[in-house]
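*Asks:* coords-v3.csv is the file, holding CSV, C-alpha atoms:
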```csv
chain,number,residue,atom,x,y,z
A,186,ASN,CA,19.7,-5.2,2.2
A,187,ALA,CA,16.8,-7.1,0.5
A,188,GLY,CA,13.9,-5.0,2.0
A,189,VAL,CA,10.6,-6.9,2.2
A,190,THR,CA,10.7,-10.4,0.7
A,191,GLN,CA,7.6,-12.4,-0.1
A,192,THR,CA,7.3,-16.1,-1.1
A,193,PRO,CA,5.9,-17.7,-3.1
A,194,LYS,CA,5.4,-15.3,-6.0
A,195,PHE,CA,2.6,-17.4,-7.6
A,196,GLN,CA,0.5,-20.1,-6.1
A,197,VAL,CA,-2.6,-22.1,-7.2
A,198,LEU,CA,-4.6,-23.8,-4.5
A,199,LYS,CA,-7.6,-26.0,-4.5
A,200,THR,CA,-10.6,-25.0,-2.5
A,201,GLY,CA,-10.2,-26.2,1.1
A,202,GLN,CA,-6.4,-26.5,1.0
A,203,SER,CA,-4.3,-24.5,3.5
A,204,MET,CA,-1.1,-22.7,2.8
A,205,THR,CA,1.2,-20.0,4.3
A,206,LEU,CA,2.5,-16.9,2.5
A,207,GLN,CA,5.9,-16.0,3.8
A,208,CYS,CA,7.1,-12.4,4.5
A,209,ALA,CA,10.5,-11.4,5.8
A,210,GLN,CA,12.1,-8.0,6.2
A,211,ASP,CA,15.7,-7.2,7.0
A,212,MET,CA,15.3,-3.6,8.1
A,213,ASN,CA,14.6,-4.3,11.8
A,214,HIS,CA,11.1,-2.8,11.4
A,215,GLU,CA,8.7,-3.1,14.2
A,216,TYR,CA,5.5,-2.7,12.1
A,217,MET,CA,4.4,-5.3,9.6
A,218,SER,CA,1.2,-5.8,7.8
A,219,TRP,CA,-0.6,-7.8,5.1
A,220,TYR,CA,-2.9,-6.4,2.4
A,221,ARG,CA,-4.9,-7.9,-0.4
A,222,GLN,CA,-5.5,-6.1,-3.6
A,223,ASP,CA,-8.6,-6.8,-5.7
A,224,PRO,CA,-9.9,-5.1,-8.8
A,225,GLY,CA,-12.4,-2.4,-7.9
A,226,MET,CA,-11.7,-2.8,-4.2
A,227,GLY,CA,-8.2,-1.4,-4.0
A,228,LEU,CA,-5.8,-2.5,-1.2
A,229,ARG,CA,-7.4,-3.7,2.0
A,230,LEU,CA,-5.7,-4.5,5.3
A,231,ILE,CA,-5.9,-8.1,6.5
A,232,HIS,CA,-3.7,-8.2,9.6
A,233,TYR,CA,-1.0,-6.2,11.1
A,234,SER,CA,1.6,-6.4,13.9
A,235,VAL,CA,3.3,-3.7,15.9
A,236,GLY,CA,6.1,-6.0,17.2
A,237,ALA,CA,7.0,-9.6,17.9
A,238,GLY,CA,4.2,-11.3,19.7
A,239,ILE,CA,1.6,-8.6,19.0
A,240,THR,CA,-0.9,-8.9,16.2
A,241,ASP,CA,-4.3,-7.5,15.4
A,242,GLN,CA,-7.0,-7.7,12.8
A,243,GLY,CA,-7.5,-5.3,9.9
A,244,GLU,CA,-10.4,-4.7,7.7
A,245,VAL,CA,-10.8,-8.2,6.1
A,246,PRO,CA,-9.3,-10.8,8.6
A,247,ASN,CA,-11.7,-13.7,8.1
A,248,GLY,CA,-10.1,-16.8,6.8
A,249,TYR,CA,-6.6,-15.7,7.6
A,250,ASN,CA,-4.3,-16.2,10.6
A,251,VAL,CA,-1.0,-14.5,11.5
A,252,SER,CA,1.7,-14.8,14.1
A,253,ARG,CA,4.8,-12.8,14.8
A,254,SER,CA,7.4,-14.9,16.6
A,255,THR,CA,10.4,-12.8,15.4
A,256,THR,CA,10.9,-9.2,14.3
A,257,GLU,CA,11.9,-10.3,10.8
A,258,ASP,CA,9.0,-12.7,9.9
A,259,PHE,CA,5.3,-12.2,9.5
A,260,PRO,CA,3.6,-15.2,7.8
A,261,LEU,CA,0.0,-15.2,6.6
A,262,ARG,CA,-1.9,-18.5,6.8
A,263,LEU,CA,-4.9,-19.4,4.8
A,264,LEU,CA,-6.7,-22.0,6.9
A,265,SER,CA,-9.1,-23.4,4.3
A,266,ALA,CA,-8.8,-21.6,0.9
A,267,ALA,CA,-11.9,-20.3,-0.8
A,268,PRO,CA,-12.3,-18.9,-4.3
A,269,SER,CA,-13.0,-15.5,-2.7
A,270,GLN,CA,-9.4,-15.5,-1.5
A,271,THR,CA,-8.1,-15.3,-5.0
A,272,SER,CA,-6.2,-12.1,-4.9
A,273,VAL,CA,-2.8,-10.4,-4.9
A,274,TYR,CA,-1.3,-10.3,-1.4
A,275,PHE,CA,1.2,-7.7,-0.3
A,276,CYS,CA,3.3,-7.6,2.8
A,277,ALA,CA,4.6,-4.3,4.2
A,278,SER,CA,6.8,-3.0,6.9
A,279,SER,CA,7.7,0.3,8.5
A,280,ALA,CA,9.8,1.6,11.4
A,281,ASP,CA,8.5,3.0,14.6
A,282,ARG,CA,5.7,5.5,15.1
A,283,GLY,CA,7.6,8.5,13.6
A,284,SER,CA,5.4,10.3,11.2
A,285,GLY,CA,8.2,10.6,8.7
A,286,ASN,CA,8.8,6.8,8.3
A,287,THR,CA,7.8,5.5,5.0
A,288,ILE,CA,6.3,2.0,4.4
A,289,TYR,CA,8.0,-0.6,2.3
A,290,PHE,CA,6.1,-3.2,0.3
A,291,GLY,CA,7.1,-6.6,-1.0
A,292,GLU,CA,6.7,-7.6,-4.6
A,293,GLY,CA,3.4,-9.4,-4.0
A,294,SER,CA,2.1,-13.0,-4.0
A,295,TRP,CA,-0.4,-13.9,-6.7
A,296,LEU,CA,-2.9,-16.5,-5.3
A,297,THR,CA,-5.5,-18.4,-7.3
A,298,VAL,CA,-8.0,-20.6,-5.6
A,299,VAL,CA,-9.8,-23.0,-7.9
B,198,LYS,CA,-14.8,6.2,9.0
B,199,GLN,CA,-11.9,7.5,6.9
B,200,GLU,CA,-12.4,7.2,3.2
B,201,VAL,CA,-9.9,8.0,0.5
B,202,THR,CA,-10.9,8.8,-3.0
B,203,GLN,CA,-8.8,9.3,-6.1
B,204,ILE,CA,-10.0,11.1,-9.2
B,205,PRO,CA,-9.6,10.4,-12.1
B,206,ALA,CA,-9.4,6.6,-12.2
B,207,ALA,CA,-7.5,6.7,-15.4
B,208,LEU,CA,-5.6,9.4,-17.3
B,209,SER,CA,-3.9,9.4,-20.7
B,210,VAL,CA,-1.6,12.3,-21.6
B,211,PRO,CA,1.0,13.0,-24.3
B,212,GLU,CA,4.6,13.0,-23.3
B,213,GLY,CA,5.9,16.3,-21.9
B,214,GLU,CA,2.6,17.4,-20.4
B,215,ASN,CA,2.4,18.5,-16.8
B,216,LEU,CA,-0.3,16.8,-14.9
B,217,VAL,CA,-2.0,16.7,-11.5
B,218,LEU,CA,-3.4,13.6,-9.7
B,219,ASN,CA,-6.0,14.2,-7.0
B,220,CYS,CA,-6.5,12.5,-3.6
B,221,SER,CA,-9.2,13.4,-1.1
B,222,PHE,CA,-9.9,12.1,2.4
B,223,THR,CA,-12.9,12.5,4.6
B,224,ASP,CA,-11.2,12.8,8.0
B,225,SER,CA,-8.8,15.7,8.2
B,226,ALA,CA,-7.1,14.4,11.3
B,227,ILE,CA,-4.4,12.5,9.4
B,228,TYR,CA,-1.0,11.7,10.7
B,229,ASN,CA,0.6,11.8,7.3
B,230,LEU,CA,-0.2,11.0,3.6
B,231,GLN,CA,1.9,8.9,1.3
B,232,TRP,CA,1.9,8.6,-2.5
B,233,PHE,CA,2.9,5.3,-4.0
B,234,ARG,CA,3.6,4.1,-7.5
B,235,GLN,CA,2.7,0.6,-8.7
B,236,ASP,CA,3.9,-0.9,-11.9
B,237,PRO,CA,1.9,-3.8,-13.5
B,238,GLY,CA,2.7,-7.0,-11.7
B,239,LYS,CA,4.8,-5.3,-9.1
B,240,GLY,CA,4.6,-4.1,-5.6
B,241,LEU,CA,4.2,-0.5,-4.3
B,242,THR,CA,7.0,2.0,-4.2
B,243,SER,CA,6.8,5.0,-1.9
B,244,LEU,CA,7.2,8.2,-3.8
B,245,LEU,CA,6.6,10.9,-1.3
B,246,LEU,CA,5.4,11.1,2.3
B,247,ILE,CA,3.9,14.4,3.6
B,248,GLN,CA,3.8,14.7,7.4
B,249,SER,CA,0.7,16.4,8.9
B,250,SER,CA,2.7,19.5,9.7
B,251,GLN,CA,4.0,19.9,6.1
B,252,ARG,CA,2.3,21.5,3.1
B,253,GLU,CA,4.3,19.9,0.4
B,254,GLN,CA,7.2,17.6,-0.5
B,255,THR,CA,9.2,17.4,-3.7
B,256,SER,CA,11.3,14.7,-5.3
B,257,GLY,CA,12.7,15.4,-8.7
B,258,ARG,CA,9.8,16.0,-11.1
B,259,LEU,CA,7.2,15.1,-8.5
B,260,ASN,CA,5.6,17.5,-6.1
B,261,ALA,CA,3.0,16.5,-3.5
B,262,SER,CA,0.9,19.0,-1.6
B,263,LEU,CA,-1.4,18.5,1.4
B,264,ASP,CA,-4.3,20.6,2.5
B,265,LYS,CA,-5.7,19.0,5.6
B,266,SER,CA,-8.5,21.5,6.1
B,267,SER,CA,-10.0,20.7,2.8
B,268,GLY,CA,-9.1,17.0,2.9
B,269,ARG,CA,-7.1,17.1,-0.3
B,270,SER,CA,-3.7,16.2,-1.6
B,271,THR,CA,-2.3,16.5,-5.1
B,272,LEU,CA,0.6,14.9,-6.9
B,273,TYR,CA,2.0,17.1,-9.6
B,274,ILE,CA,4.2,15.4,-12.2
B,275,ALA,CA,6.2,17.8,-14.4
B,276,ALA,CA,7.2,17.1,-18.0
B,277,SER,CA,5.7,13.6,-18.0
B,278,GLN,CA,7.6,10.8,-19.7
B,279,PRO,CA,6.5,7.3,-20.9
B,280,GLY,CA,8.4,5.8,-18.0
B,281,ASP,CA,5.9,7.6,-15.7
B,282,SER,CA,3.1,5.2,-16.9
B,283,ALA,CA,1.9,3.4,-13.8
B,284,THR,CA,-0.8,3.4,-11.2
B,285,TYR,CA,-0.5,6.0,-8.5
B,286,LEU,CA,-2.0,5.4,-5.1
B,287,CYS,CA,-2.4,7.7,-2.1
B,288,ALA,CA,-2.8,6.4,1.4
B,289,VAL,CA,-3.3,7.7,4.9
B,290,PRO,CA,-2.8,5.9,8.2
B,291,HIS,CA,-5.8,4.3,10.0
B,292,GLY,CA,-6.3,6.0,13.3
B,293,SER,CA,-3.6,7.8,15.1
B,294,GLY,CA,0.1,7.3,14.7
B,295,ASN,CA,2.0,5.6,11.9
B,296,THR,CA,1.6,1.9,12.6
B,297,GLY,CA,1.6,0.7,9.0
B,298,LYS,CA,-2.2,0.4,8.9
B,299,LEU,CA,-3.0,2.3,5.7
B,300,ILE,CA,-6.3,3.2,4.0
B,301,PHE,CA,-5.7,3.4,0.3
B,302,GLY,CA,-7.5,5.2,-2.5
B,303,GLN,CA,-8.3,3.1,-5.5
B,304,GLY,CA,-5.6,4.7,-7.6
B,305,THR,CA,-5.2,6.6,-10.8
B,306,THR,CA,-3.8,4.7,-13.8
B,307,LEU,CA,-1.6,7.0,-15.8
B,308,GLN,CA,-0.6,6.4,-19.4
B,309,VAL,CA,2.0,8.7,-21.0
B,310,LYS,CA,2.0,8.4,-24.7
B,311,PRO,CA,5.3,9.0,-26.6
```
Do you think you could lay out the structure here as structure tokens?
*Replies:*
Amino acid sequence: NAGVTQTPKFQVLKTGQSMTLQCAQDMNHEYMSWYRQDPGMGLRLIHYSVGAGITDQGEVPNGYNVSRSTTEDFPLRLLSAAPSQTSVYFCASSADRGSGNTIYFGEGSWLTVV
Amino acid sequence: KQEVTQIPAALSVPEGENLVLNCSFTDSAIYNLQWFRQDPGKGLTSLLLIQSSQREQTSGRLNASLDKSSGRSTLYIAASQPGDSATYLCAVPHGSGNTGKLIFGQGTTLQVKP
């Protein structure tokens, strides 16, 4: 049971390039989400999904796309990278709406856009 | 709009001391509240989850309390150890339910000196 797996761990992009951050969970969780963590700003929600085929925007969605074709995977796409997207990205998953269900986070993906 | 605040931003204590970390939220209609630990360069690990109907949760040397009416939660760490050094974050769900959409405080960075 690997939990939430994110790849790559580290990535350097040039401005304007595109890339996909991968996230996979093996806990059969319905809910998955992406956050970015910036100094002084804390963790902010980018996009989330409540099940396969269902996604919605979070607090800071601009410049990012997501899709959820399977329960296990929730990739985050950067369409045209900008220096403002330099950040640490975390994927998270949780089970259904039960109030006692904790949220599990991946180890993070460090992205630098130059 | 729900806002989550953690005070202090940083704390340094000698080993063995008991300590309290504070978390406050502006909207008392929360579904639950979670405390997380984040080690440098790592993801978040859930420590304790308090459901809205509960007043406290305990795990080992950790005790988290919740007072919805006053919009506060505290994380009590007994007999602190150098291994407790980390950043501690609290978070509440955005809106109703437990969909994995969290609003985080900015965290308290704890240093426990040997």
*Asks:* Pull out every residue of chain A that has at least one atom within 8 Å of chain B, counting all atoms listed in the file, and report them as a list in words.
*Replies:*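 Applying the cut-off to the listed atoms yields Tyr216, Met217, Ser218, Gly225, Met226, Gly227, Leu228, Arg229, Leu230, Tyr233, Val235, Gly243, Phe275, Ala277, Ser278, Ser279, Asp281, Arg282, Gly283, Ser284, Gly285, Asn286, Thr287, Ile288, Tyr289, Phe290, Gly291, Glu292 and Gly293 of chain A.
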*Asks:* One decimal, Å: what's the distance from CA of Met212 (chain A) over to CA of Val201 (chain B), could you say?
*Replies:*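 These atoms are spaced 28.8 Å apart.
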*Asks:* So that I can check the surroundings of region 244-249 of chain A, please list as a PyMOL selection string every protein, DNA and RNA residue that reaches within 8 Å of it, counting all atoms listed in the file and ignoring chain neighbours fewer than 4 positions away.
*Replies:* chain A and resi 229-232+261-266
*Asks:* What's the 12 Å shell around region 207-211 of chain B, counting all atoms listed in the file, without same-chain residues fewer than 6 positions away, as a PDB file with C-alpha atoms, keeping the file's coordinate frame?
*Replies:*
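Dumped everything to selection_31.pdb:
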```
ATOM      1  CA  VAL B 217      -2.000  16.700 -11.500  1.00  0.00           C
ATOM      2  CA  LEU B 218      -3.400  13.600  -9.700  1.00  0.00           C
ATOM      3  CA  ASN B 219      -6.000  14.200  -7.000  1.00  0.00           C
ATOM      4  CA  ILE B 274       4.200  15.400 -12.200  1.00  0.00           C
ATOM      5  CA  ALA B 275       6.200  17.800 -14.400  1.00  0.00           C
ATOM      6  CA  ALA B 276       7.200  17.100 -18.000  1.00  0.00           C
ATOM      7  CA  SER B 277       5.700  13.600 -18.000  1.00  0.00           C
ATOM      8  CA  GLN B 278       7.600  10.800 -19.700  1.00  0.00           C
ATOM      9  CA  PRO B 279       6.500   7.300 -20.900  1.00  0.00           C
ATOM     10  CA  ASP B 281       5.900   7.600 -15.700  1.00  0.00           C
ATOM     11  CA  SER B 282       3.100   5.200 -16.900  1.00  0.00           C
ATOM     12  CA  ALA B 283       1.900   3.400 -13.800  1.00  0.00           C
ATOM     13  CA  THR B 284      -0.800   3.400 -11.200  1.00  0.00           C
ATOM     14  CA  TYR B 285      -0.500   6.000  -8.500  1.00  0.00           C
ATOM     15  CA  LEU B 286      -2.000   5.400  -5.100  1.00  0.00           C
ATOM     16  CA  GLN B 303      -8.300   3.100  -5.500  1.00  0.00           C
ATOM     17  CA  GLY B 304      -5.600   4.700  -7.600  1.00  0.00           C
ATOM     18  CA  THR B 305      -5.200   6.600 -10.800  1.00  0.00           C
ATOM     19  CA  THR B 306      -3.800   4.700 -13.800  1.00  0.00           C
ATOM     20  CA  LEU B 307      -1.600   7.000 -15.800  1.00  0.00           C
ATOM     21  CA  GLN B 308      -0.600   6.400 -19.400  1.00  0.00           C
ATOM     22  CA  VAL B 309       2.000   8.700 -21.000  1.00  0.00           C
ATOM     23  CA  LYS B 310       2.000   8.400 -24.700  1.00  0.00           C
ATOM     24  CA  PRO B 311       5.300   9.000 -26.600  1.00  0.00           C
TER      25      PRO B 311
END
```
*Asks:* May I ask for the distance between CA of Ser254 (chain A) and CA of Ser269 (chain A), given in Å to one decimal place?
*Replies:*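 Separation between CA of Ser254 (chain A) and CA of Ser269 (chain A): 28.1 Å.
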*Asks:* Under the rule that all atoms listed in the file are counted, which of B:Ala206, B:Ala261, B:Val289, B:Leu272 is the nearest residue to Thr223 (chain B)?
*Replies:*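 Nearest candidate to Thr223 (chain B) out of B:Ala206, B:Ala261, B:Val289, B:Leu272: B:Val289.
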*Asks:* How many Å lie between CA of Thr190 (chain A) and CA of Gln207 (chain A), rounded to one decimal?
*Replies:*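 Rounded to one decimal, the two atoms are 8.0 Å apart.
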